[in-house]
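A.B. asks: Have a look at the structure that comes next, please.
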Amino acid sequence: MEFRQLGGSGFKVPVLCFGTGTFGGRGEFFGSWGKSDVEEATRLVDICLEAGLNMFDTADVYSDGLSEEILGQAIRGRREQVILSTKASFRLGKGPNDVGSSRHHLIKSCEGSLKRLGTDYIDIYQMHGFDAQTPIFETLRALDDLVQSGKVRYIGCSNFSGWHLMKSLATSDRYGLTRYVAHQAYYSLIGRELEWELMPLGVAEGVGTLVWSPLGWGRLAGKVRRGQPLPETSRLHTKVTVDNGPPVSNEYVYQVVDVLDEIAKETGKTVAQIALNWVLQRPTVSSVIFGARNEEQLRQNLGAVGWSLTAAQVAKLDQASATTPVYPYWHQRGYERNPALV
């Protein structure tokens, strides 16, 4: 398993990270992802560790905390072998202070995650979304306090706009507070908007990307094809899941999958492995987070590393998935001193 530095920090993470949104399956939304109990989760963690993958991502809102609880039980007795990444800021409770990135909510959320995970520290603690109602300084000061107390080792954010992230970094720099070193963001062959602003920002400011949904909300897992029905277990059958996932047209998906199928024949690799490998070759990507409903899916995704697509294959995939960016990015690409990063 290859390890890369997490942004501008000295911390190294594996290029593949196991996402545990499939643990628990509480509620319609997460139930469509998977329903791994403690026994199955422990087996999946065993397989990951055997393959050299020792990083596991979760969030307090995944199955209302059940994902963290199950993950905590699955790693019991081997905490020092693993890297734990979790997230806070989304609503977890009905009260007015049970949401957001205020000092009150973050400290409460962190304590809850520590208890559910059965640990006294979190390796990477991330803001699940940008809280526009809480001053950025308040959020970062609370996070800095958690780092200074030893409860958190590194901080990151997730789903931020470019200005959200840059303003946060500038605030940290101005007041000498702990800096975000990671941005957990959506990026895939059918969702390349990260390249417009967040990827160049990551290069310039030393922020590593932890990619979520690198298979485009399951559309690039190898079972979605032109003229064929969705597999029975696909999360795309569930309206609440589709409505909350990355928007993309079916024709665009088929266009990319057609090329993935061509390269699969050339390489002997699966569509999913090729899609994951493509993401791993992009700038700023420190780790790619993937989930698995079962052992078969997990082992297949682990096969995305240890080899690389050729430059010609990458170029073919780039062309198939290329789209015209929104303004001002399409205009900026015409300026010789501001070339596109990728």
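Starting from 1 in every chain, residues are counted up; chains themselves are A, B, ... following the order of the structure tokens, and ligands are numbered from 1 as listed.
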Extract, using only C-alpha atoms, all DNA, RNA and protein residues at most 8 Å from region 300-303 of chain A, discarding same-chain residues fewer than 4 positions from it, and format them as a list in words.
C.D. replies: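 Once the nearby chain positions are removed, what remains is Leu16, Ala51, Ala272, Gln273, Leu276, Phe290 and Glu296 of chain A.
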A.B. asks: Would you save the residues from that selection as a short mmCIF file (atom, residue, chain, number, x, y, z; two decimals), in the first residue's frame, using C-alpha atoms?
C.D. replies:
```cif
data_model
loop_
_atom_site.label_atom_id
_atom_site.label_comp_id
_atom_site.auth_asym_id
_atom_site.auth_seq_id
_atom_site.Cartn_x
_atom_site.Cartn_y
_atom_site.Cartn_z
CA LEU A 16 -6.91 4.11 -0.11
CA ALA A 51 -3.82 -5.31 2.62
CA ALA A 272 -14.21 0.37 -10.70
CA GLN A 273 -10.48 -0.26 -10.39
CA LEU A 276 -10.24 4.66 -8.77
CA PHE A 290 -14.38 4.02 -0.90
CA GLU A 296 -16.20 -9.13 -2.54
#
```
A.B. asks: Neighbouring residues of His164 (chain A) were defined as those with any atom within 12 Å, considering only C-alpha atoms; residues of the same chain fewer than 5 positions away were excluded. Please report them as a list in words.
C.D. replies: Met127, Gly129, Phe130, Asp131, Ala132, Pro135, Ile136, Cys157, Ser158, Asn159, Leu169, Ala170, Thr171, Tyr180, His183, Glu197, Leu198 and Leu201 of chain A
A.B. asks: Dump C-alpha atoms for the selected residues as a PDB file, in the first residue's frame?
C.D. replies:
```
ATOM      1  CA  MET A 127     -15.927  19.947   9.485  1.00  0.00           C
ATOM      2  CA  GLY A 129     -19.772  21.390   5.870  1.00  0.00           C
ATOM      3  CA  PHE A 130     -19.214  25.149   6.096  1.00  0.00           C
ATOM      4  CA  ASP A 131     -21.221  26.853   8.857  1.00  0.00           C
ATOM      5  CA  ALA A 132     -22.040  30.342   7.575  1.00  0.00           C
ATOM      6  CA  PRO A 135     -17.599  33.097  12.914  1.00  0.00           C
ATOM      7  CA  ILE A 136     -14.682  31.283  11.281  1.00  0.00           C
ATOM      8  CA  CYS A 157     -12.856  20.351   6.248  1.00  0.00           C
ATOM      9  CA  SER A 158     -15.320  18.868   3.811  1.00  0.00           C
ATOM     10  CA  ASN A 159     -17.525  20.215   1.032  1.00  0.00           C
ATOM     11  CA  LEU A 169      -6.611  29.214   6.106  1.00  0.00           C
ATOM     12  CA  ALA A 170      -6.019  32.968   6.223  1.00  0.00           C
ATOM     13  CA  THR A 171      -7.700  33.153   9.645  1.00  0.00           C
ATOM     14  CA  TYR A 180      -6.716  22.653   7.811  1.00  0.00           C
ATOM     15  CA  HIS A 183     -10.289  18.785   2.386  1.00  0.00           C
ATOM     16  CA  GLU A 197     -10.723  26.050  -7.971  1.00  0.00           C
ATOM     17  CA  LEU A 198     -10.255  23.691  -5.039  1.00  0.00           C
ATOM     18  CA  LEU A 201      -5.957  26.023  -4.057  1.00  0.00           C
TER      19      LEU A 201
END
```
A.B. asks: Name the closest residue to Glu195 (chain A) among the candidates A:Gly162, A:Lys35, A:Ile274, A:Ile122; distances are taken between atoms, counting only C-alpha atoms.
C.D. replies: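 Nearest to Glu195 (chain A): A:Gly162.
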A.B. asks: As a PyMOL selection string, please: every residue in region 107-239 of chain A that a backbone DSSP assignment puts in strand (DSSP E or B).
C.D. replies: chain A and resi 122-127+152-158+180-186+188+191+208-212
A.B. asks: Filtering to N, CA and C atoms, could you give me those residues as a PDB file, in the first residue's frame?
C.D. replies:
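New file part-v2.pdb:
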```
ATOM      1  N   ILE A 122      -8.659  11.458  18.048  1.00  0.00           N
ATOM      2  CA  ILE A 122      -9.068  11.313  16.649  1.00  0.00           C
ATOM      3  C   ILE A 122      -7.917  11.807  15.789  1.00  0.00           C
ATOM      4  N   ASP A 123      -7.518  11.026  14.797  1.00  0.00           N
ATOM      5  CA  ASP A 123      -6.375  11.406  13.965  1.00  0.00           C
ATOM      6  C   ASP A 123      -6.691  12.592  13.060  1.00  0.00           C
ATOM      7  N   ILE A 124      -7.840  12.547  12.385  1.00  0.00           N
ATOM      8  CA  ILE A 124      -8.226  13.628  11.478  1.00  0.00           C
ATOM      9  C   ILE A 124      -9.682  13.988  11.779  1.00  0.00           C
ATOM     10  N   TYR A 125      -9.898  15.219  12.245  1.00  0.00           N
ATOM     11  CA  TYR A 125     -11.239  15.676  12.608  1.00  0.00           C
ATOM     12  C   TYR A 125     -11.648  16.756  11.613  1.00  0.00           C
ATOM     13  N   GLN A 126     -12.783  16.535  10.942  1.00  0.00           N
ATOM     14  CA  GLN A 126     -13.160  17.399   9.828  1.00  0.00           C
ATOM     15  C   GLN A 126     -14.534  18.040  10.018  1.00  0.00           C
ATOM     16  N   MET A 127     -14.634  19.283   9.531  1.00  0.00           N
ATOM     17  CA  MET A 127     -15.927  19.947   9.485  1.00  0.00           C
ATOM     18  C   MET A 127     -16.679  19.419   8.268  1.00  0.00           C
ATOM     19  N   VAL A 152      -7.559  15.713  19.339  1.00  0.00           N
ATOM     20  CA  VAL A 152      -7.518  15.711  17.869  1.00  0.00           C
ATOM     21  C   VAL A 152      -6.082  15.967  17.441  1.00  0.00           C
ATOM     22  N   ARG A 153      -5.632  15.287  16.389  1.00  0.00           N
ATOM     23  CA  ARG A 153      -4.250  15.464  15.936  1.00  0.00           C
ATOM     24  C   ARG A 153      -4.136  16.342  14.693  1.00  0.00           C
ATOM     25  N   TYR A 154      -5.037  16.174  13.758  1.00  0.00           N
ATOM     26  CA  TYR A 154      -5.045  17.017  12.551  1.00  0.00           C
ATOM     27  C   TYR A 154      -6.487  17.409  12.255  1.00  0.00           C
ATOM     28  N   ILE A 155      -6.653  18.562  11.611  1.00  0.00           N
ATOM     29  CA  ILE A 155      -8.001  19.007  11.263  1.00  0.00           C
ATOM     30  C   ILE A 155      -8.150  19.160   9.754  1.00  0.00           C
ATOM     31  N   GLY A 156      -9.370  18.989   9.318  1.00  0.00           N
ATOM     32  CA  GLY A 156      -9.689  19.153   7.904  1.00  0.00           C
ATOM     33  C   GLY A 156     -11.108  19.672   7.761  1.00  0.00           C
ATOM     34  N   CYS A 157     -11.496  19.897   6.535  1.00  0.00           N
ATOM     35  CA  CYS A 157     -12.856  20.351   6.248  1.00  0.00           C
ATOM     36  C   CYS A 157     -13.417  19.478   5.137  1.00  0.00           C
ATOM     37  N   SER A 158     -14.675  19.673   4.841  1.00  0.00           N
ATOM     38  CA  SER A 158     -15.320  18.868   3.811  1.00  0.00           C
ATOM     39  C   SER A 158     -16.403  19.685   3.132  1.00  0.00           C
ATOM     40  N   TYR A 180      -6.174  23.798   8.536  1.00  0.00           N
ATOM     41  CA  TYR A 180      -6.716  22.653   7.811  1.00  0.00           C
ATOM     42  C   TYR A 180      -5.620  22.081   6.904  1.00  0.00           C
ATOM     43  N   VAL A 181      -5.399  20.770   7.004  1.00  0.00           N
ATOM     44  CA  VAL A 181      -4.423  20.129   6.123  1.00  0.00           C
ATOM     45  C   VAL A 181      -5.101  19.205   5.121  1.00  0.00           C
ATOM     46  N   ALA A 182      -6.422  19.046   5.268  1.00  0.00           N
ATOM     47  CA  ALA A 182      -7.154  18.143   4.380  1.00  0.00           C
ATOM     48  C   ALA A 182      -8.500  18.733   4.024  1.00  0.00           C
ATOM     49  N   HIS A 183      -8.943  18.417   2.824  1.00  0.00           N
ATOM     50  CA  HIS A 183     -10.289  18.785   2.386  1.00  0.00           C
ATOM     51  C   HIS A 183     -10.924  17.532   1.811  1.00  0.00           C
ATOM     52  N   GLN A 184     -11.953  17.022   2.493  1.00  0.00           N
ATOM     53  CA  GLN A 184     -12.663  15.848   1.998  1.00  0.00           C
ATOM     54  C   GLN A 184     -13.719  16.324   1.012  1.00  0.00           C
ATOM     55  N   ALA A 185     -13.532  15.952  -0.247  1.00  0.00           N
ATOM     56  CA  ALA A 185     -14.344  16.537  -1.316  1.00  0.00           C
ATOM     57  C   ALA A 185     -14.758  15.479  -2.335  1.00  0.00           C
ATOM     58  N   TYR A 186     -15.854  15.750  -3.005  1.00  0.00           N
ATOM     59  CA  TYR A 186     -16.320  14.870  -4.070  1.00  0.00           C
ATOM     60  C   TYR A 186     -15.473  15.082  -5.320  1.00  0.00           C
ATOM     61  N   SER A 188     -14.618  12.658  -9.097  1.00  0.00           N
ATOM     62  CA  SER A 188     -14.672  11.402  -9.838  1.00  0.00           C
ATOM     63  C   SER A 188     -14.575  11.713 -11.325  1.00  0.00           C
ATOM     64  N   GLY A 191     -17.436  13.777 -12.149  1.00  0.00           N
ATOM     65  CA  GLY A 191     -17.625  14.944 -11.290  1.00  0.00           C
ATOM     66  C   GLY A 191     -16.289  15.635 -11.082  1.00  0.00           C
ATOM     67  N   GLY A 208      -4.315  18.664   1.318  1.00  0.00           N
ATOM     68  CA  GLY A 208      -4.506  17.408   0.611  1.00  0.00           C
ATOM     69  C   GLY A 208      -5.974  17.086   0.437  1.00  0.00           C
ATOM     70  N   THR A 209      -6.302  16.452  -0.667  1.00  0.00           N
ATOM     71  CA  THR A 209      -7.687  16.067  -0.930  1.00  0.00           C
ATOM     72  C   THR A 209      -7.925  14.632  -0.495  1.00  0.00           C
ATOM     73  N   LEU A 210      -8.963  14.446   0.317  1.00  0.00           N
ATOM     74  CA  LEU A 210      -9.461  13.123   0.665  1.00  0.00           C
ATOM     75  C   LEU A 210     -10.744  12.963  -0.142  1.00  0.00           C
ATOM     76  N   VAL A 211     -10.703  12.150  -1.159  1.00  0.00           N
ATOM     77  CA  VAL A 211     -11.795  12.077  -2.137  1.00  0.00           C
ATOM     78  C   VAL A 211     -12.928  11.185  -1.632  1.00  0.00           C
ATOM     79  N   TRP A 212     -14.150  11.750  -1.592  1.00  0.00           N
ATOM     80  CA  TRP A 212     -15.309  10.905  -1.300  1.00  0.00           C
ATOM     81  C   TRP A 212     -16.070  10.602  -2.587  1.00  0.00           C
TER      82      TRP A 212
END
```
A.B. asks: Would you please extract all alpha helix (DSSP H) residues from region 158-265 of chain A, as assigned by DSSP on the backbone, and give them as a count of residues only?
C.D. replies: 43
A.B. asks: Which residues come within 10 Å of Glu138 (chain A), counting only C-alpha atoms, excluding same-chain residues fewer than 3 positions away, as a PyMOL selection string?
C.D. replies: chain A and resi 101-104+134-135+141-144
A.B. asks: Give me a file of those residues, with C-alpha atoms, as a CSV table (one decimal), in the first residue's frame.
C.D. replies:
```csv
chain,number,residue,atom,x,y,z
A,101,SER,CA,-19.5,24.5,13.9
A,102,SER,CA,-19.9,26.6,17.0
A,103,ARG,CA,-17.6,25.9,20.0
A,104,HIS,CA,-20.5,24.5,21.9
A,134,THR,CA,-20.6,30.8,13.1
A,135,PRO,CA,-17.6,33.1,12.9
A,141,ARG,CA,-10.2,28.4,17.9
A,142,ALA,CA,-12.4,25.5,19.1
A,143,LEU,CA,-10.6,23.1,16.8
A,144,ASP,CA,-7.2,24.5,17.9
```
A.B. asks: Between CA of Leu146 (chain A) and CA of Val203 (chain A), what is the distance in Å, rounded to a tenth?
C.D. replies: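 Pair CA of Leu146 (chain A) / CA of Val203 (chain A) returns 26.4 Å.
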A.B. asks: Could you tell me which of A:Tyr329, A:Tyr187, A:Phe56, A:Lys151 comes closest to Glu111 (chain A) if we count only C-alpha atoms?
C.D. replies: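 Closest to Glu111 (chain A) of all the choices is A:Lys151.
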